[in-house]
Every structure is written in structure tokens, then in C-alpha cells.
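J.: Would you mind keeping the following structure in view while I ask a few things?
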Amino acid sequence: LVGRRETKMAASVGILRLARRNVLFSPRLVTRSFVASGMVHQNRLQPVQTTQFHTSPQSLAAQASSHWNAERVLAVGLLTIIPAAFVVQNPVIDYGLAAALVLHGHWGFEQIFTDYIHGPLLPRLSKIALYGASIVAFAGLCYFNYNDVGICKAVAMVWALDK
Amino acid sequence: QMKRPMSPHLTIYKPQLTSMLSITHRATGAALTGGMYLFAMHALVVPAFGWDFTMAINMIKGWELPWAVIVSAKWLLAWPVAYHTLNGFRHMAWDLGYGFNIS
């Protein structure tokens, strides 16, 4: 465990390096606990105290990297399951579509929120609301698949409206 | 949150093919997700009022809308899906590393 004074020294050294080299994670920062800083433009980059937490080295970057990969894998998955829905229609496709579409939309909206919503509180609130909405949406699609005609049939019915 | 004045950005930057294609990709994705979420939430609520999807479709058929209206509506639903998918291919190419050289 590292004491507060060493932590603050490490954080300030790391942040000075950040300001000069514009590198997101300097080695100093990730090898010990650090203050998660929001860098705020007030004439110069200043660290803003948000939270303090401990993380193992490389952990955050590795998580972000795997998330990025997972997003691309899901996109490719969507590119297979949607054409498959044109060929065969069955509950497997219905539930697969429900899961893949909601997850793809959820992750997409997360990126939108990350890009446009800033501050100490609003991003957290919006992410919580998004989680709620996504869970309800997935539940709704599963309910629709189970108790009603299902996604594939529904699309087919809508598309047959002009006959 | 910030009290200081900011330089203009969105108001002065000329719309270009790159940025317009990109923001449309995001807008279609957001709209499709929003619409899908609304439909899904709807699906949880309307059964309490005795409705199901087949009844809704039959109701729309009962309106006997002109063919042009129905085709336009289908186009409005299909275009964002098509655009987002095709632009998604572009993103995939970039993610794989293609398309950054000027030639």
C-alpha cells in the first residue's frame, strides 16, 4: 500500500509529464494508485479531484482495449445474423437479433454520451439511465419474441403491408 | 459549467463530406436505437390493453393507405439501416487499417 503523500507526489509528477508530453498514461501513473484526474482547461491543464482508486498496472487500458475489440466483434456478428434472418426465420435468430441489436445500440450510445456529456455528475446519471433503458428494451424484445410474432415475422408483416 | 467565453466551432466549421458522413452515421445509429428501444418498451405495455402486433398490422391495413405512403414509410425505415450498415463497412475498413493512404 502506498501512502497519500507518495500518491500525491506520483500523481503530480505524472500530471506534469502529461502536460508536457500529452501522453495519456505515463508509466509512473499506472504502476501505483493514482488520483483519477479530469483535466480541465482553466488557462492551463489542472488536475481536478474526482475519485481515488487503486488499479493493477495496465488494467484500465487493457479493459478499454478489449471493449473496443468486443465492439468490432459484435458488429461483425450483426453483419452475419442480419443476412441470416433473410434466409431462415426462427426463434434463435429472433433472440440473437434482440441481444445483438440492443448491445450494439447500448455500446453506441455509450460512445455518444462519452463524447458529448461532460462533468462530474451528468455522465454517471446518463450511463445509469442508459443501462436501465437497455435492460428494459432487451426485456421488451424478448417478451415480444416469446409472446408475440417475433422480430423476423414482424419485419415480414410490416414489409408485406403494401400488397 | 465553464464561465469563460469559447471560440466558435460548430458555427464556423464548413460542413464537409467526411464530417457529414460521420455525423449521419451517428445520427442514424442513435435514431435506430431510439426507435427500437421505444418499440421494445411499447411491446411491454400494450398487451395490458389487449393489443398484439397482428392487431396493429390489421389496423394499419384497415386504413387502406395509398401505396405511395406505404412505400415512403418503408423507405424511411430502411434508409437509416442501409446507410448505417454501408457506412459501417467504411468504419470496419478503417479499423482494419485500410484507407489512410492518399493515392
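How things are named: the first chain in the C-alpha cells is A, the next is B, and so on; residues count from 1 in each chain; ligands count from 1 in the order shown.
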Write down, as a VMD selection string, each residue of chain B that has any atom within 10 Å of an atom of chain A, counting only C-alpha atoms.
T.: chain B and resid 1 to 2 4 26 to 27 29 to 34 36 to 45 47 52 to 54 57 to 58 60 to 61 64 to 71 73 to 74 85 88 to 89 91 to 92 95
J.: Write out the residues from the selection above, keeping N, CA and C atoms, as a compact mmCIF listing (two decimals), in the first residue's frame.
T.:
# COMPACT_ATOMS: atom_id res chain seq x y z
N GLN B 1 -21.24 25.35 -17.05
CA GLN B 1 -20.20 24.87 -16.17
C GLN B 1 -18.96 25.73 -16.30
N MET B 2 -18.51 26.03 -17.52
CA MET B 2 -17.39 26.94 -17.71
C MET B 2 -17.95 28.33 -17.94
N ARG B 4 -16.10 31.01 -18.87
CA ARG B 4 -15.37 31.83 -19.83
C ARG B 4 -16.01 31.66 -21.22
N ARG B 26 -23.64 8.52 -37.03
CA ARG B 26 -24.01 8.57 -35.62
C ARG B 26 -25.50 8.84 -35.47
N ALA B 27 -26.03 9.74 -36.27
CA ALA B 27 -27.45 10.10 -36.14
C ALA B 27 -28.33 8.91 -36.50
N GLY B 29 -27.56 5.75 -36.31
CA GLY B 29 -27.42 4.78 -35.24
C GLY B 29 -28.25 5.15 -34.03
N ALA B 30 -28.19 6.41 -33.64
CA ALA B 30 -28.94 6.86 -32.48
C ALA B 30 -30.44 6.76 -32.73
N ALA B 31 -30.87 7.16 -33.93
CA ALA B 31 -32.29 7.12 -34.25
C ALA B 31 -32.80 5.68 -34.27
N LEU B 32 -32.03 4.79 -34.88
CA LEU B 32 -32.45 3.38 -34.95
C LEU B 32 -32.53 2.78 -33.56
N THR B 33 -31.52 3.05 -32.74
CA THR B 33 -31.55 2.53 -31.38
C THR B 33 -32.72 3.11 -30.60
N GLY B 34 -32.91 4.41 -30.73
CA GLY B 34 -34.02 5.04 -30.02
C GLY B 34 -35.35 4.44 -30.43
N MET B 36 -35.91 1.52 -31.79
CA MET B 36 -36.00 0.13 -31.35
C MET B 36 -36.34 0.06 -29.86
N TYR B 37 -35.70 0.92 -29.07
CA TYR B 37 -35.98 0.93 -27.63
C TYR B 37 -37.44 1.31 -27.38
N LEU B 38 -37.95 2.32 -28.13
CA LEU B 38 -39.35 2.70 -27.97
C LEU B 38 -40.27 1.55 -28.31
N PHE B 39 -39.99 0.87 -29.43
CA PHE B 39 -40.80 -0.28 -29.82
C PHE B 39 -40.79 -1.34 -28.73
N ALA B 40 -39.61 -1.61 -28.19
CA ALA B 40 -39.48 -2.67 -27.18
C ALA B 40 -40.25 -2.31 -25.91
N MET B 41 -40.15 -1.05 -25.51
CA MET B 41 -40.87 -0.63 -24.31
C MET B 41 -42.37 -0.68 -24.55
N HIS B 42 -42.77 -0.28 -25.75
CA HIS B 42 -44.16 -0.38 -26.16
C HIS B 42 -44.66 -1.81 -26.04
N ALA B 43 -43.81 -2.74 -26.49
CA ALA B 43 -44.20 -4.16 -26.52
C ALA B 43 -44.48 -4.68 -25.12
N LEU B 44 -43.87 -4.04 -24.11
CA LEU B 44 -44.11 -4.49 -22.75
C LEU B 44 -45.42 -3.94 -22.20
N VAL B 45 -45.87 -2.83 -22.77
CA VAL B 45 -47.01 -2.11 -22.17
C VAL B 45 -48.33 -2.46 -22.84
N PRO B 47 -49.72 -5.03 -24.31
CA PRO B 47 -50.52 -6.23 -24.01
C PRO B 47 -51.50 -6.02 -22.87
N ASP B 52 -51.97 -6.82 -29.65
CA ASP B 52 -50.76 -7.50 -30.06
C ASP B 52 -50.38 -7.02 -31.46
N PHE B 53 -49.28 -7.50 -31.96
CA PHE B 53 -48.71 -6.94 -33.18
C PHE B 53 -49.62 -7.19 -34.37
N THR B 54 -50.20 -8.39 -34.43
CA THR B 54 -51.07 -8.71 -35.56
C THR B 54 -52.25 -7.75 -35.62
N ILE B 57 -51.07 -4.48 -37.07
CA ILE B 57 -50.89 -4.56 -38.53
C ILE B 57 -52.24 -4.53 -39.23
N ASN B 58 -53.21 -5.27 -38.69
CA ASN B 58 -54.53 -5.28 -39.32
C ASN B 58 -55.18 -3.92 -39.26
N ILE B 60 -53.58 -1.08 -39.37
CA ILE B 60 -52.96 -0.25 -40.41
C ILE B 60 -53.50 -0.64 -41.78
N LYS B 61 -53.70 -1.94 -41.98
CA LYS B 61 -54.28 -2.37 -43.26
C LYS B 61 -55.67 -1.78 -43.43
N GLU B 64 -56.21 1.51 -45.21
CA GLU B 64 -56.12 1.49 -46.67
C GLU B 64 -55.34 2.70 -47.17
N LEU B 65 -54.12 2.82 -46.70
CA LEU B 65 -53.26 3.92 -47.10
C LEU B 65 -52.84 3.74 -48.56
N PRO B 66 -52.63 4.86 -49.25
CA PRO B 66 -52.14 4.77 -50.62
C PRO B 66 -50.80 4.06 -50.68
N TRP B 67 -50.55 3.39 -51.79
CA TRP B 67 -49.33 2.65 -51.99
C TRP B 67 -48.12 3.56 -51.81
N ALA B 68 -48.21 4.80 -52.27
CA ALA B 68 -47.07 5.71 -52.19
C ALA B 68 -46.73 5.99 -50.73
N VAL B 69 -47.75 6.10 -49.88
CA VAL B 69 -47.48 6.37 -48.47
C VAL B 69 -46.78 5.19 -47.82
N ILE B 70 -47.26 3.98 -48.15
CA ILE B 70 -46.66 2.80 -47.54
C ILE B 70 -45.21 2.64 -47.99
N VAL B 71 -44.97 2.83 -49.27
CA VAL B 71 -43.60 2.67 -49.77
C VAL B 71 -42.69 3.74 -49.17
N ALA B 73 -43.05 5.11 -46.26
CA ALA B 73 -42.79 4.74 -44.88
C ALA B 73 -41.75 3.64 -44.80
N LYS B 74 -41.83 2.68 -45.70
CA LYS B 74 -40.83 1.61 -45.72
C LYS B 74 -39.45 2.17 -46.02
N THR B 85 -25.39 0.61 -42.11
CA THR B 85 -24.65 -0.60 -42.44
C THR B 85 -23.52 -0.32 -43.42
N GLY B 88 -20.95 1.60 -41.93
CA GLY B 88 -20.27 0.72 -41.00
C GLY B 88 -19.16 -0.06 -41.67
N PHE B 89 -19.37 -0.42 -42.93
CA PHE B 89 -18.29 -1.09 -43.69
C PHE B 89 -17.07 -0.19 -43.80
N HIS B 91 -16.16 2.09 -41.66
CA HIS B 91 -15.52 2.08 -40.35
C HIS B 91 -14.72 0.81 -40.15
N MET B 92 -15.29 -0.30 -40.60
CA MET B 92 -14.59 -1.59 -40.47
C MET B 92 -13.28 -1.56 -41.23
N ASP B 95 -10.84 0.39 -39.30
CA ASP B 95 -10.38 -0.34 -38.12
C ASP B 95 -9.36 -1.41 -38.48
J.: Quick one: residues within 12 Å of Arg90 (chain B), only C-alpha atoms counted, chain neighbours fewer than 3 positions away excluded, as a list in words?
T.: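 After dropping sequence-adjacent residues, the list is Thr18, Leu21, Ser22, His25, Tyr83, His84, Thr85, Leu86, Asn87, Ala93, Trp94, Asp95, Leu96, Gly97, Tyr98, Gly99 and Phe100 of chain B.
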J.: Between A:Val92, A:Val73, A:Leu125, A:Ile117, which has the minimum distance to Tyr146 (chain A) (counting only C-alpha atoms)?
T.: A:Val92
J.: Could you go through chain B and tell me which residues DSSP, when run on the backbone, assigns to helix (DSSP H, G or I), listing them as a ChimeraX atom specification?
T.: /B:17-49,53-63,67-95
J.: Just give me the gap between CA of Asn90 (chain A) and CA of Leu130 (chain A) in Å, one decimal is fine.
T.: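 About the pair CA of Asn90 (chain A) and CA of Leu130 (chain A): they are 29.0 Å apart.
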